[in-house]
Each structure stands twice: as C-alpha cells, then as structure tokens.
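The next block is input.cif, given as mmCIF, C-alpha atoms and all ligand atoms.
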data_upload
#
loop_
_atom_site.group_PDB
_atom_site.id
_atom_site.type_symbol
_atom_site.label_atom_id
_atom_site.label_comp_id
_atom_site.auth_asym_id
_atom_site.auth_seq_id
_atom_site.Cartn_x
_atom_site.Cartn_y
_atom_site.Cartn_z
ATOM 1 C CA MET A 27 0.000 0.000 0.000
ATOM 2 C CA LYS A 28 2.781 2.379 1.003
ATOM 3 C CA LYS A 29 4.624 1.486 -2.186
ATOM 4 C CA LEU A 30 1.568 2.277 -4.256
ATOM 5 C CA LEU A 31 1.121 5.607 -2.512
ATOM 6 C CA ALA A 32 4.759 6.491 -3.146
ATOM 7 C CA LEU A 33 4.366 5.540 -6.806
ATOM 8 C CA VAL A 34 1.273 7.679 -7.161
ATOM 9 C CA LEU A 35 3.097 10.558 -5.508
ATOM 10 C CA VAL A 36 6.068 10.216 -7.848
ATOM 11 C CA ALA A 37 3.703 10.079 -10.825
ATOM 12 C CA ILE A 38 1.902 13.236 -9.677
ATOM 13 C CA MET A 39 5.203 15.030 -9.192
ATOM 14 C CA ALA A 40 6.453 13.964 -12.638
ATOM 15 C CA LEU A 41 3.235 15.179 -14.214
ATOM 16 C CA GLY A 42 3.580 18.480 -12.419
ATOM 17 C CA MET A 43 7.087 18.869 -13.752
ATOM 18 C CA VAL A 44 5.968 18.127 -17.286
ATOM 19 C CA GLN A 45 3.216 20.722 -16.928
ATOM 20 C CA LEU A 46 5.721 23.178 -15.524
ATOM 21 C CA ALA A 47 8.060 22.470 -18.428
ATOM 22 C CA VAL A 48 5.216 23.013 -20.908
ATOM 23 C CA ALA A 49 4.104 26.223 -19.208
ATOM 24 C CA GLU A 50 7.643 27.545 -19.197
ATOM 25 C CA ALA A 51 8.568 26.608 -22.764
ATOM 26 C CA PRO A 52 10.063 29.824 -24.122
ATOM 27 C CA ILE A 53 8.406 31.640 -26.982
ATOM 28 C CA LYS A 54 10.396 31.008 -30.168
ATOM 29 C CA VAL A 55 10.871 34.152 -32.214
ATOM 30 C CA GLY A 56 12.294 34.240 -35.745
ATOM 31 C CA VAL A 57 13.631 37.679 -36.694
ATOM 32 C CA CYS A 58 14.375 38.561 -40.332
ATOM 33 C CA ILE A 59 16.431 41.724 -40.923
ATOM 34 C CA TYR A 60 16.583 43.142 -44.475
ATOM 35 C CA LYS A 61 20.358 43.404 -44.266
ATOM 36 C CA TYR A 62 22.916 43.602 -41.479
ATOM 37 C CA ASP A 63 24.983 46.193 -43.314
ATOM 38 C CA ASP A 64 22.791 49.146 -42.251
ATOM 39 C CA ASN A 65 23.747 51.517 -39.408
ATOM 40 C CA PHE A 66 20.253 52.040 -38.078
ATOM 41 C CA MET A 67 19.039 48.459 -38.396
ATOM 42 C CA THR A 68 22.166 47.274 -36.609
ATOM 43 C CA LEU A 69 21.223 49.320 -33.550
ATOM 44 C CA TYR A 70 17.626 48.174 -33.893
ATOM 45 C CA ARG A 71 18.311 44.444 -34.176
ATOM 46 C CA THR A 72 20.868 44.448 -31.368
ATOM 47 C CA GLU A 73 18.355 46.005 -28.983
ATOM 48 C CA LEU A 74 15.512 43.800 -30.270
ATOM 49 C CA GLU A 75 17.489 40.616 -29.639
ATOM 50 C CA ARG A 76 18.676 41.781 -26.222
ATOM 51 C CA TYR A 77 15.173 42.758 -25.119
ATOM 52 C CA LEU A 78 13.495 39.583 -26.403
ATOM 53 C CA LYS A 79 16.053 37.485 -24.527
ATOM 54 C CA GLU A 80 15.496 39.556 -21.407
ATOM 55 C CA LYS A 81 11.803 38.695 -21.753
ATOM 56 C CA GLY A 82 12.710 34.993 -21.791
ATOM 57 C CA CYS A 83 12.216 34.332 -25.507
ATOM 58 C CA GLU A 84 14.317 32.047 -27.654
ATOM 59 C CA VAL A 85 15.478 34.274 -30.508
ATOM 60 C CA THR A 86 17.134 33.657 -33.847
ATOM 61 C CA VAL A 87 18.037 36.644 -36.014
ATOM 62 C CA VAL A 88 18.983 36.266 -39.695
ATOM 63 C CA ASP A 89 20.508 38.543 -42.344
ATOM 64 C CA GLY A 90 18.495 38.932 -45.566
ATOM 65 C CA LYS A 91 21.557 40.483 -47.250
ATOM 66 C CA GLY A 92 19.318 42.821 -49.214
ATOM 67 C CA ASP A 93 17.917 39.880 -51.214
ATOM 68 C CA GLN A 94 14.173 39.170 -51.037
ATOM 69 C CA ASN A 95 14.571 35.565 -52.256
ATOM 70 C CA GLU A 96 17.059 34.910 -49.497
ATOM 71 C CA GLN A 97 14.666 36.403 -46.934
ATOM 72 C CA THR A 98 11.709 34.385 -48.227
ATOM 73 C CA ASN A 99 13.808 31.219 -47.811
ATOM 74 C CA GLN A 100 14.641 32.290 -44.276
ATOM 75 C CA VAL A 101 10.938 32.758 -43.493
ATOM 76 C CA ASN A 102 10.247 29.266 -44.855
ATOM 77 C CA ALA A 103 13.025 27.841 -42.701
ATOM 78 C CA PHE A 104 11.630 29.526 -39.573
ATOM 79 C CA ILE A 105 8.173 28.145 -40.373
ATOM 80 C CA ALA A 106 9.564 24.637 -40.858
ATOM 81 C CA GLU A 107 11.388 24.970 -37.554
ATOM 82 C CA GLY A 108 8.092 25.837 -35.857
ATOM 83 C CA VAL A 109 8.692 29.339 -34.478
ATOM 84 C CA ASP A 110 5.776 30.852 -32.548
ATOM 85 C CA VAL A 111 6.009 34.285 -34.134
ATOM 86 C CA LEU A 112 7.946 36.089 -36.862
ATOM 87 C CA ILE A 113 9.326 39.631 -36.770
ATOM 88 C CA VAL A 114 10.075 40.718 -40.329
ATOM 89 C CA ASN A 115 11.964 43.738 -41.657
ATOM 90 C CA LEU A 116 11.125 43.201 -45.325
ATOM 91 C CA VAL A 117 13.740 43.553 -48.040
ATOM 92 C CA GLN A 118 10.975 44.721 -50.376
ATOM 93 C CA SER A 119 7.819 46.181 -48.890
ATOM 94 C CA THR A 120 5.938 44.862 -51.932
ATOM 95 C CA SER A 121 6.714 41.277 -50.873
ATOM 96 C CA ALA A 122 4.534 41.562 -47.770
ATOM 97 C CA ASN A 123 1.690 39.537 -49.278
ATOM 98 C CA ALA A 124 3.950 36.649 -50.266
ATOM 99 C CA ILE A 125 5.343 36.480 -46.714
ATOM 100 C CA THR A 126 1.903 36.864 -45.123
ATOM 101 C CA ASP A 127 0.575 33.956 -47.241
ATOM 102 C CA LEU A 128 3.375 31.653 -46.061
ATOM 103 C CA ALA A 129 2.857 32.591 -42.418
ATOM 104 C CA LYS A 130 -0.912 32.380 -42.614
ATOM 105 C CA ALA A 131 -0.776 28.853 -44.064
ATOM 106 C CA ALA A 132 1.212 27.829 -40.972
ATOM 107 C CA ASN A 133 -0.840 30.026 -38.597
ATOM 108 C CA ILE A 134 2.253 31.919 -37.424
ATOM 109 C CA PRO A 135 1.630 35.625 -36.701
ATOM 110 C CA VAL A 136 3.920 38.256 -38.228
ATOM 111 C CA VAL A 137 5.035 41.577 -36.795
ATOM 112 C CA TYR A 138 6.385 43.690 -39.654
ATOM 113 C CA ILE A 139 8.927 46.326 -38.663
ATOM 114 C CA ASN A 140 10.741 49.307 -40.213
ATOM 115 C CA ARG A 141 9.614 48.828 -43.840
ATOM 116 C CA GLU A 142 5.918 49.465 -43.903
ATOM 117 C CA PRO A 143 3.772 47.340 -46.221
ATOM 118 C CA SER A 144 0.866 49.081 -47.985
ATOM 119 C CA ALA A 145 -2.345 49.618 -46.015
ATOM 120 C CA GLU A 146 -4.060 47.195 -48.388
ATOM 121 C CA ASP A 147 -1.480 44.447 -47.776
ATOM 122 C CA MET A 148 -1.940 44.915 -44.044
ATOM 123 C CA GLN A 149 -5.564 43.801 -44.420
ATOM 124 C CA ALA A 150 -4.550 40.341 -45.689
ATOM 125 C CA TRP A 151 -4.740 38.626 -42.286
ATOM 126 C CA GLU A 152 -5.805 39.539 -38.753
ATOM 127 C CA LYS A 153 -2.588 38.137 -37.266
ATOM 128 C CA ILE A 154 -0.248 40.590 -38.996
ATOM 129 C CA CYS A 155 0.629 44.063 -37.791
ATOM 130 C CA TYR A 156 3.173 46.823 -38.326
ATOM 131 C CA VAL A 157 5.367 48.491 -35.719
ATOM 132 C CA GLY A 158 7.216 51.571 -36.903
ATOM 133 C CA ALA A 159 7.239 55.315 -37.100
ATOM 134 C CA ASP A 160 5.384 57.722 -39.372
ATOM 135 C CA ALA A 161 8.041 58.973 -41.773
ATOM 136 C CA ARG A 162 5.943 62.033 -42.655
ATOM 137 C CA GLN A 163 6.691 63.251 -39.147
ATOM 138 C CA SER A 164 10.468 62.872 -39.596
ATOM 139 C CA GLY A 165 10.358 64.649 -42.969
ATOM 140 C CA THR A 166 8.396 67.538 -41.478
ATOM 141 C CA MET A 167 10.896 67.782 -38.617
ATOM 142 C CA GLN A 168 13.797 67.969 -41.086
ATOM 143 C CA GLY A 169 12.044 70.879 -42.801
ATOM 144 C CA ASN A 170 11.428 72.510 -39.431
ATOM 145 C CA LEU A 171 15.118 72.199 -38.549
ATOM 146 C CA ILE A 172 15.871 74.325 -41.600
ATOM 147 C CA LEU A 173 13.036 76.775 -40.819
ATOM 148 C CA ASP A 174 14.593 77.231 -37.372
ATOM 149 C CA THR A 175 17.924 78.466 -38.783
ATOM 150 C CA PRO A 176 18.590 82.231 -38.726
ATOM 151 C CA ASN A 177 18.151 82.647 -42.496
ATOM 152 C CA LYS A 178 15.522 79.882 -42.856
ATOM 153 C CA GLY A 179 17.845 77.948 -45.128
ATOM 154 C CA ASP A 180 18.544 80.801 -47.530
ATOM 155 C CA PHE A 181 22.290 81.538 -47.309
ATOM 156 C CA LYS A 182 22.479 83.501 -50.539
ATOM 157 C CA GLY A 183 19.578 85.697 -49.500
ATOM 158 C CA ASP A 184 17.976 85.446 -52.925
ATOM 159 C CA GLY A 185 14.607 84.367 -51.532
ATOM 160 C CA VAL A 186 14.958 80.759 -52.630
ATOM 161 C CA VAL A 187 16.248 77.715 -50.778
ATOM 162 C CA ASP A 188 18.329 75.769 -53.307
ATOM 163 C CA TYR A 189 18.625 72.202 -52.138
ATOM 164 C CA VAL A 190 20.080 68.779 -52.766
ATOM 165 C CA MET A 191 18.115 65.677 -51.775
ATOM 166 C CA ILE A 192 19.926 62.416 -51.079
ATOM 167 C CA MET A 193 17.330 59.683 -50.872
ATOM 168 C CA GLY A 194 17.234 56.248 -49.259
ATOM 169 C CA ASP A 195 15.887 53.289 -51.211
ATOM 170 C CA PRO A 196 12.953 54.864 -53.096
ATOM 171 C CA GLU A 197 10.887 51.678 -52.752
ATOM 172 C CA ASN A 198 10.821 52.364 -49.022
ATOM 173 C CA ILE A 199 8.012 54.609 -47.790
ATOM 174 C CA ASP A 200 10.411 56.241 -45.296
ATOM 175 C CA ALA A 201 12.463 57.541 -48.208
ATOM 176 C CA GLN A 202 9.395 58.710 -50.115
ATOM 177 C CA TYR A 203 7.811 60.523 -47.189
ATOM 178 C CA ARG A 204 11.003 62.136 -45.884
ATOM 179 C CA THR A 205 11.769 63.444 -49.355
ATOM 180 C CA GLU A 206 8.284 64.863 -49.759
ATOM 181 C CA TYR A 207 7.549 66.180 -46.269
ATOM 182 C CA SER A 208 10.897 67.873 -45.596
ATOM 183 C CA ILE A 209 10.254 70.139 -48.562
ATOM 184 C CA LYS A 210 6.534 70.445 -47.831
ATOM 185 C CA ALA A 211 7.382 71.911 -44.400
ATOM 186 C CA LEU A 212 9.285 74.693 -46.176
ATOM 187 C CA THR A 213 6.689 75.405 -48.840
ATOM 188 C CA ASP A 214 3.865 75.270 -46.256
ATOM 189 C CA ALA A 215 5.734 78.020 -44.393
ATOM 190 C CA GLY A 216 5.732 80.094 -47.591
ATOM 191 C CA ILE A 217 9.383 79.476 -48.471
ATOM 192 C CA LYS A 218 10.360 79.196 -52.134
ATOM 193 C CA VAL A 219 12.458 76.159 -52.953
ATOM 194 C CA ASN A 220 14.506 74.979 -55.898
ATOM 195 C CA LYS A 221 15.591 71.369 -56.279
ATOM 196 C CA LEU A 222 19.088 71.271 -57.765
ATOM 197 C CA PHE A 223 19.734 67.571 -57.423
ATOM 198 C CA GLU A 224 17.910 64.446 -56.200
ATOM 199 C CA GLN A 225 19.314 60.923 -56.288
ATOM 200 C CA ARG A 226 19.073 57.644 -54.430
ATOM 201 C CA GLY A 227 21.856 56.757 -52.008
ATOM 202 C CA ASP A 228 20.105 53.642 -50.676
ATOM 203 C CA TRP A 229 20.761 54.632 -47.039
ATOM 204 C CA ALA A 230 24.519 54.031 -47.385
ATOM 205 C CA GLN A 231 27.297 56.332 -46.156
ATOM 206 C CA GLU A 232 29.606 55.771 -49.171
ATOM 207 C CA LYS A 233 26.776 56.639 -51.548
ATOM 208 C CA GLY A 234 25.902 59.737 -49.530
ATOM 209 C CA GLN A 235 29.500 60.844 -49.850
ATOM 210 C CA GLU A 236 29.637 60.136 -53.580
ATOM 211 C CA LEU A 237 26.366 61.895 -54.378
ATOM 212 C CA ALA A 238 27.147 64.949 -52.243
ATOM 213 C CA ALA A 239 30.553 65.217 -53.958
ATOM 214 C CA THR A 240 28.874 65.079 -57.371
ATOM 215 C CA ALA A 241 26.274 67.693 -56.383
ATOM 216 C CA LEU A 242 28.903 69.999 -54.855
ATOM 217 C CA ALA A 243 31.088 69.729 -57.965
ATOM 218 C CA GLN A 244 28.114 70.485 -60.192
ATOM 219 C CA PHE A 245 26.359 73.231 -58.235
ATOM 220 C CA GLY A 246 29.014 74.593 -55.856
ATOM 221 C CA ASP A 247 27.972 77.709 -53.910
ATOM 222 C CA GLN A 248 24.440 77.556 -55.262
ATOM 223 C CA ILE A 249 23.606 74.862 -52.703
ATOM 224 C CA ASP A 250 21.979 76.139 -49.500
ATOM 225 C CA VAL A 251 20.880 72.834 -47.954
ATOM 226 C CA ILE A 252 21.654 69.147 -48.276
ATOM 227 C CA PHE A 253 18.800 66.944 -47.052
ATOM 228 C CA CYS A 254 19.648 63.287 -46.439
ATOM 229 C CA ASN A 255 16.927 60.735 -45.774
ATOM 230 C CA ASN A 256 19.110 59.213 -43.038
ATOM 231 C CA ASP A 257 22.186 59.923 -40.912
ATOM 232 C CA GLY A 258 24.341 57.310 -42.600
ATOM 233 C CA MET A 259 24.164 59.244 -45.877
ATOM 234 C CA ALA A 260 24.489 62.564 -44.025
ATOM 235 C CA LEU A 261 27.778 61.383 -42.501
ATOM 236 C CA GLY A 262 28.996 60.674 -46.034
ATOM 237 C CA ALA A 263 27.727 64.049 -47.260
ATOM 238 C CA LEU A 264 29.577 65.802 -44.422
ATOM 239 C CA GLN A 265 32.881 64.316 -45.595
ATOM 240 C CA SER A 266 32.259 65.741 -49.083
ATOM 241 C CA ILE A 267 31.138 69.113 -47.714
ATOM 242 C CA LYS A 268 34.424 69.410 -45.813
ATOM 243 C CA ALA A 269 36.433 68.196 -48.802
ATOM 244 C CA ALA A 270 34.783 70.927 -50.920
ATOM 245 C CA GLY A 271 35.894 73.572 -48.396
ATOM 246 C CA ARG A 272 32.359 74.317 -47.240
ATOM 247 C CA THR A 273 31.314 74.683 -43.585
ATOM 248 C CA VAL A 274 28.004 73.546 -42.144
ATOM 249 C CA GLY A 275 26.240 76.397 -40.361
ATOM 250 C CA LYS A 276 28.416 79.017 -42.122
ATOM 251 C CA ASP A 277 27.628 78.507 -45.799
ATOM 252 C CA ILE A 278 25.549 75.335 -46.044
ATOM 253 C CA TYR A 279 23.072 73.309 -43.946
ATOM 254 C CA LEU A 280 22.949 69.537 -43.559
ATOM 255 C CA VAL A 281 20.208 67.433 -41.968
ATOM 256 C CA GLY A 282 19.646 63.702 -41.522
ATOM 257 C CA VAL A 283 17.353 61.283 -39.679
ATOM 258 C CA ASP A 284 18.039 58.556 -37.063
ATOM 259 C CA ALA A 285 20.090 60.403 -34.407
ATOM 260 C CA LEU A 286 23.017 57.991 -34.532
ATOM 261 C CA ASP A 287 25.288 58.754 -31.529
ATOM 262 C CA GLU A 288 28.032 60.045 -33.809
ATOM 263 C CA VAL A 289 25.641 62.438 -35.519
ATOM 264 C CA VAL A 290 24.149 63.738 -32.270
ATOM 265 C CA GLU A 291 27.697 64.629 -31.187
ATOM 266 C CA LEU A 292 28.284 66.437 -34.481
ATOM 267 C CA VAL A 293 25.008 68.324 -34.107
ATOM 268 C CA HIS A 294 25.932 69.430 -30.595
ATOM 269 C CA ALA A 295 29.366 70.491 -31.841
ATOM 270 C CA GLY A 296 27.682 72.572 -34.565
ATOM 271 C CA GLU A 297 29.114 70.435 -37.369
ATOM 272 C CA MET A 298 25.714 69.278 -38.545
ATOM 273 C CA THR A 299 22.521 71.344 -38.568
ATOM 274 C CA GLY A 300 20.295 68.704 -37.035
ATOM 275 C CA THR A 301 18.819 65.241 -37.123
ATOM 276 C CA VAL A 302 15.650 63.462 -36.019
ATOM 277 C CA LEU A 303 15.610 60.651 -33.489
ATOM 278 C CA ASN A 304 14.331 57.454 -35.069
ATOM 279 C CA ASP A 305 13.635 55.699 -31.786
ATOM 280 C CA HIS A 306 15.049 52.200 -32.321
ATOM 281 C CA ILE A 307 14.692 51.447 -28.625
ATOM 282 C CA GLY A 308 10.998 52.357 -28.468
ATOM 283 C CA GLN A 309 10.315 50.589 -31.762
ATOM 284 C CA SER A 310 12.182 47.387 -30.926
ATOM 285 C CA HIS A 311 10.564 47.134 -27.497
ATOM 286 C CA LYS A 312 7.102 47.679 -28.952
ATOM 287 C CA ALA A 313 7.749 45.088 -31.676
ATOM 288 C CA ALA A 314 8.930 42.557 -29.086
ATOM 289 C CA ASP A 315 6.031 43.203 -26.693
ATOM 290 C CA VAL A 316 3.506 42.845 -29.506
ATOM 291 C CA ALA A 317 5.246 39.687 -30.790
ATOM 292 C CA ILE A 318 4.999 38.097 -27.345
ATOM 293 C CA GLU A 319 1.298 38.986 -27.111
ATOM 294 C CA VAL A 320 0.402 37.640 -30.542
ATOM 295 C CA ALA A 321 2.434 34.481 -29.929
ATOM 296 C CA GLY A 322 0.138 33.968 -26.955
ATOM 297 C CA GLY A 323 -2.919 34.203 -29.206
ATOM 298 C CA ALA A 324 -3.852 37.899 -28.974
ATOM 299 C CA ILE A 325 -5.115 39.644 -32.104
ATOM 300 C CA PRO A 326 -2.974 42.750 -32.677
ATOM 301 C CA GLU A 327 -3.934 46.233 -33.754
ATOM 302 C CA LYS A 328 -2.904 46.952 -37.345
ATOM 303 C CA ASN A 329 -0.388 49.704 -36.594
ATOM 304 C CA TYR A 330 1.777 50.700 -33.667
ATOM 305 C CA THR A 331 3.522 54.031 -34.140
ATOM 306 C CA VAL A 332 6.474 55.394 -32.182
ATOM 307 C CA ASP A 333 7.137 59.140 -32.337
ATOM 308 C CA TYR A 334 10.183 60.786 -33.882
ATOM 309 C CA VAL A 335 11.970 63.555 -31.939
ATOM 310 C CA MET A 336 13.796 66.567 -33.384
ATOM 311 C CA VAL A 337 17.487 66.856 -32.394
ATOM 312 C CA LYS A 338 19.288 70.180 -32.860
HETATM 313 C C1 LIG B 401 16.230 54.472 -41.311
HETATM 314 C C2 LIG B 401 17.416 54.218 -42.193
HETATM 315 C C3 LIG B 401 17.497 52.746 -42.518
HETATM 316 C C4 LIG B 401 16.195 52.265 -43.087
HETATM 317 C C5 LIG B 401 16.213 50.795 -43.351
HETATM 318 C C6 LIG B 401 14.993 53.926 -41.967
HETATM 319 O O1 LIG B 401 13.886 54.125 -41.128
HETATM 320 O O2 LIG B 401 16.094 55.848 -41.092
HETATM 321 O O3 LIG B 401 18.609 54.627 -41.588
HETATM 322 O O4 LIG B 401 18.554 52.546 -43.429
HETATM 323 O O5 LIG B 401 15.159 52.562 -42.206
HETATM 324 O O6 LIG B 401 15.003 50.338 -43.889
#
Please lay out the structure from this file as structure tokens.
Ligand code: BGC
Amino acid sequence: MKKLLALVLVAIMALGMVQLAVAEAPIKVGVCIYKYDDNFMTLYRTELERYLKEKGCEVTVVDGKGDQNEQTNQVNAFIAEGVDVLIVNLVQSTSANAITDLAKAANIPVVYINREPSAEDMQAWEKICYVGADARQSGTMQGNLILDTPNKGDFKGDGVVDYVMIMGDPENIDAQYRTEYSIKALTDAGIKVNKLFEQRGDWAQEKGQELAATALAQFGDQIDVIFCNNDGMALGALQSIKAAGRTVGKDIYLVGVDALDEVVELVHAGEMTGTVLNDHIGQSHKAADVAIEVAGGAIPEKNYTVDYVMVK
C-alpha cells in the first residue's frame, strides 16, 4: 500500500514537472532583418534581440543580405522549424503579401517592422501588424530644422532655398515621405524652394558621400541645404562638404534622420545642422512586446507608431 502511494506521488510530481516544463517553454521568435549592413538596423536588431532574450524568448536573427529571395527562404526555414512568431523587416515592402501567405498557411503571426507594407497588404490577415514610425513626421521635422535656422535655409539671401536631396531606397516609404515632407514643411511656411539635385543613395554612407561630392562639384555655392533621408548618408555628405571647403552652419546646412550617436555629437558640436531621433529602442521594445502577445494568441492592432523627436 505504502509502495503504491509512493508511486502515485512520484507520478503526480512527474506530471507536475511536465506541466511546468510546458508552461515555461520559451516563446520562439524568428527575426528577419533586411540586411545587417545598415547603421540604423544594426542598432535596432541588437536592442531587439537583447530585449526579447530579457523577456525569456528564444530568438534567432537572420541577415536577408538585401535579397528578397534569401529572406523568403529564411521565413520558410523559420516556419519549418516551428517558431511561434515572426518579426520581419522586409527587403521589399511589396513582398509583404507573399510572406503573409506563407505565415498564414502555418498560422504563425507576423510583426512587420521598419519597412511598412501598404495599407491594403496589411488587411490580408488579422494576425499581422506593423510596428514603426510615421516617416511624414520625420520629414516635417527635417524641414522645421531648416526653418529654425537664422536665415531659414537661404544663405544667398535670394529668396529661394536651393537644395540637394539624397534619398534612401525609393521603394521604401520612409524615403518617399522624408523626401516629400521635408520640402513640404518649407513650402507650407511660404518658403520658395529649388531642387538642384535628387538621387538615391540607398541609405549608405559611401553613396551619400559620392552623391554629395557630385552635387557639390556640379552646383558649388548655389547649394543652400543638403537633405539626407538618413544619418548614414548625411555622414557621407559631411565628408564631401568638408572636402569641398564648405562649412556647415556658415555657408551650407545639412540634416539627416536617425540620431546615430556620432551624428548627435556632431550636431551638438555645430558640425551638422540637425537630425531626427528614429527611436530604435521604443520601436524594438514595442515590436517585441507585440510579438509576445500575438504568440500567446492575442489579435494585434494593425499599426503601432512610435514618435520621432527633433534633435538640434
Ligand atoms: C532608417 C534608415 C534605414 C532604413 C532601413 C529607416 O527608417 O532611417 O537609416 O537605413 O530605415 O530600412
């Protein structure tokens, strides 16, 4: 009898442990980053991984290397592995539907980050959502940074702000909106503008440097302002501005977006006009929190937006 009791007790304890093990199984998160070779996304993914681990998740992060096929394969691999939730920074925003279809077939929710799919694509399934920032806000803030300068961006005093625009990847809504809204802020304030040069630098510092050098060689002293869709390209542009013998704040203005540490220091030292904080900490934490909730079965809202902040 005693033996039987002991056996029953052992069985109950074992069952309890199994239940405990099941209850404590960590949430498996598959994170797809569009490419590792990106200043801003490097900060973002590092914080995202750290925070998810802090929350007890099992995390795997992969590099899409700027290749949508590669990323689609990575999504398939995560699905085959049986992750509980995906966090995806698309290579191409237009591939959202293809990724959503794969995830939906396996009933694995997706939190899209950084590269916003179209509003229509976001309607494809209730278990997908987007966590990011509204790039119109960052564009407007870039324009406001110029409006806040003593001559409102017009060094030559001819009543027109002559500008150069160095764009990110034009397929990305962040690039489109920052390009449009930075200038809109000026024209809305009644300022006349003249676009001297506009080209894509795909978010990269080397390309920012190259394009700014080309624009400076072509338009020289005519240029009042160089707008860059991100800080990476602005850092490149600053190298070319210096090489051309120009001085930010004295004869030219330069603005970016992201508030990389290096750029914030330059802004405070007066070597760059300003930047806009793209809050990778707020965004990565929100993305992780939402991912954990949807992995647990919650239905997300469609959009979670984190504010930008002007830095000057
Ligand atoms: C950032 C860029 C980054 C891009 C990647 C943007 O929001 O401002 O620095 O390269 O996202 O998609």
Which residue of A:Leu69, A:Ser208, A:Val136, A:Glu96 approaches Ile318 (chain A) most closely, using only C-alpha atoms: A:Val136
Pick from A:Ile53, A:Leu78, A:Leu222, A:Met259, whichever lies nearest to ligand LIG 401 (chain B) using all atoms listed in the file: A:Met259
Option closest in space to ligand LIG 401 (chain B), from A:Leu280, A:Ala124, A:Leu171, A:Met67 [counting all atoms listed in the file]: A:Met67
Picked residues, the PyMOL selection byres (((chain A and resi 151) around 10) and not hetatm), as JSON, numbers by chain: {"A": [123, 126, 127, 129, 130, 135, 136, 147, 148, 149, 150, 152, 153, 154, 155, 328]}
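With distances taken over all atoms listed in the file, A:Val186 is the one residue among A:Leu212, A:Val320, A:Val186, A:Val88 lying closest to Asp250 (chain A).
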Neighbourhood of ligand LIG 401 (chain B) at 7 Å, counting all atoms listed in the file, reported as a list in words: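 Using all atoms listed in the file, everything at most 7 Å from ligand LIG 401 (chain B) comes to Asp64, Asn65, Phe66, Met67, Asn140, Arg141, Asn198, Asp200, Trp229, Asn255, Asn256, Asp257, Gly258, Val283, Asp284 and Asn304 of chain A.
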For CA of Glu224 (chain A) and CA of Val190 (chain A), the interatomic separation in Å (one decimal):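 Between CA of Glu224 (chain A) and CA of Val190 (chain A) the gap is 5.9 Å.
Excluding Gln265 (chain A) itself and any same-chain residue fewer than 4 positions from it, the protein and nucleic acid residues within 9 Å of it, counting all atoms listed in the file, are Gln235, Ala238, Ala239, Ala260, Leu261, Ala269 and Ala270 of chain A.
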Chain and number of each residue from the PyMOL selection byres (((chain A and resi 179) around 12) and not hetatm), as a PyMOL selection string: chain A and resi 168-178+180-189+209+212+217-220+249-253+274-281+299
CA of Ala131 (chain A) to CA of Ala324 (chain A), straight-line distance in Å: 17.9 Å
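The result of the PyMOL selection byres (((chain A and resi 103-115) around 8) and not hetatm) on the shown file is Ile53, Lys54, Val55, Gly56, Val57, Cys58, Ile59, Tyr60, Asn99, Gln100, Val101, Asn102, Leu116, Val117, Ala129, Ala132, Ile134, Pro135, Val136, Val137, Tyr138, Ile139, Asn140, Arg141, Ala313, Ala317, Ile318, Val320 and Ala321 of chain A.
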Store the residues picked out above in a file with C-alpha atoms, as a tab-separated table (two decimals), in the coordinates of the input.
chain	number	residue	atom	x	y	z
A	53	ILE	CA	8.41	31.64	-26.98
A	54	LYS	CA	10.40	31.01	-30.17
A	55	VAL	CA	10.87	34.15	-32.21
A	56	GLY	CA	12.29	34.24	-35.74
A	57	VAL	CA	13.63	37.68	-36.69
A	58	CYS	CA	14.38	38.56	-40.33
A	59	ILE	CA	16.43	41.72	-40.92
A	60	TYR	CA	16.58	43.14	-44.48
A	99	ASN	CA	13.81	31.22	-47.81
A	100	GLN	CA	14.64	32.29	-44.28
A	101	VAL	CA	10.94	32.76	-43.49
A	102	ASN	CA	10.25	29.27	-44.86
A	116	LEU	CA	11.12	43.20	-45.32
A	117	VAL	CA	13.74	43.55	-48.04
A	129	ALA	CA	2.86	32.59	-42.42
A	132	ALA	CA	1.21	27.83	-40.97
A	134	ILE	CA	2.25	31.92	-37.42
A	135	PRO	CA	1.63	35.62	-36.70
A	136	VAL	CA	3.92	38.26	-38.23
A	137	VAL	CA	5.04	41.58	-36.80
A	138	TYR	CA	6.38	43.69	-39.65
A	139	ILE	CA	8.93	46.33	-38.66
A	140	ASN	CA	10.74	49.31	-40.21
A	141	ARG	CA	9.61	48.83	-43.84
A	313	ALA	CA	7.75	45.09	-31.68
A	317	ALA	CA	5.25	39.69	-30.79
A	318	ILE	CA	5.00	38.10	-27.34
A	320	VAL	CA	0.40	37.64	-30.54
A	321	ALA	CA	2.43	34.48	-29.93
For region 130-146 of chain A, what centre and edge lengths in Å (one decimal) does the axis-aligned box get once 6 Å is added on each side of all its listed atoms, as lines of an AutoDock Vina configuration file?
center_x = 3.3
center_y = 38.7
center_z = -42.5
size_x = 26.8
size_y = 33.8
size_z = 23.7
Answer as a ChimeraX atom specification, residues within 12 Å of (29.2, 70.1, -58.4) using only C-alpha atoms: /A:190,222-223,236-249,266-267,270
Distance of CA of Met336 (chain A) from CA of Glu291 (chain A), expressed in Å to one decimal place: 14.2 Å
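Among the candidates A:Asp305, A:Lys81, A:Gly227, A:Glu50, the residue lying nearest to Glu319 (chain A) is A:Lys81 (atoms considered: all atoms listed in the file).
With all atoms listed in the file as the basis for measurement, A:Asn133 is the residue among A:Asn133, A:Asn95, A:Ser119, A:Ser310 that approaches Gly323 (chain A) most closely.
The point (5.9, 54.5, -35.6) has these residues within 8 Å of it, counting all atoms listed in the file: A:Val157, A:Gly158, A:Ala159, A:Asp160, A:Ala161, A:Gln309, A:Asn329, A:Tyr330, A:Thr331, A:Val332, A:Asp333, A:Tyr334.
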For region 67-73 of chain A, write N, CA, C and O atoms out as a JSON list (two decimals), in the first residue's frame.
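As a result, selection29.json now contains:
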[["chain", "number", "residue", "atom", "x", "y", "z"],
["A", 67, "MET", "N", 19.60, 49.78, -38.70],
["A", 67, "MET", "CA", 19.04, 48.46, -38.40],
["A", 67, "MET", "C", 19.97, 47.62, -37.52],
["A", 67, "MET", "O", 19.53, 46.67, -36.88],
["A", 68, "THR", "N", 21.24, 47.98, -37.50],
["A", 68, "THR", "CA", 22.17, 47.27, -36.61],
["A", 68, "THR", "C", 21.85, 47.62, -35.15],
["A", 68, "THR", "O", 21.77, 46.75, -34.28],
["A", 69, "LEU", "N", 21.62, 48.91, -34.90],
["A", 69, "LEU", "CA", 21.22, 49.32, -33.55],
["A", 69, "LEU", "C", 19.90, 48.67, -33.17],
["A", 69, "LEU", "O", 19.72, 48.15, -32.06],
["A", 70, "TYR", "N", 18.97, 48.69, -34.12],
["A", 70, "TYR", "CA", 17.63, 48.17, -33.89],
["A", 70, "TYR", "C", 17.67, 46.69, -33.55],
["A", 70, "TYR", "O", 17.12, 46.23, -32.55],
["A", 71, "ARG", "N", 18.35, 45.90, -34.39],
["A", 71, "ARG", "CA", 18.31, 44.44, -34.18],
["A", 71, "ARG", "C", 19.05, 44.04, -32.91],
["A", 71, "ARG", "O", 18.68, 43.09, -32.23],
["A", 72, "THR", "N", 20.11, 44.78, -32.58],
["A", 72, "THR", "CA", 20.87, 44.45, -31.37],
["A", 72, "THR", "C", 19.98, 44.63, -30.14],
["A", 72, "THR", "O", 19.92, 43.77, -29.26],
["A", 73, "GLU", "N", 19.24, 45.74, -30.12],
["A", 73, "GLU", "CA", 18.35, 46.01, -28.98],
["A", 73, "GLU", "C", 17.18, 45.03, -28.97],
["A", 73, "GLU", "O", 16.75, 44.56, -27.92]]
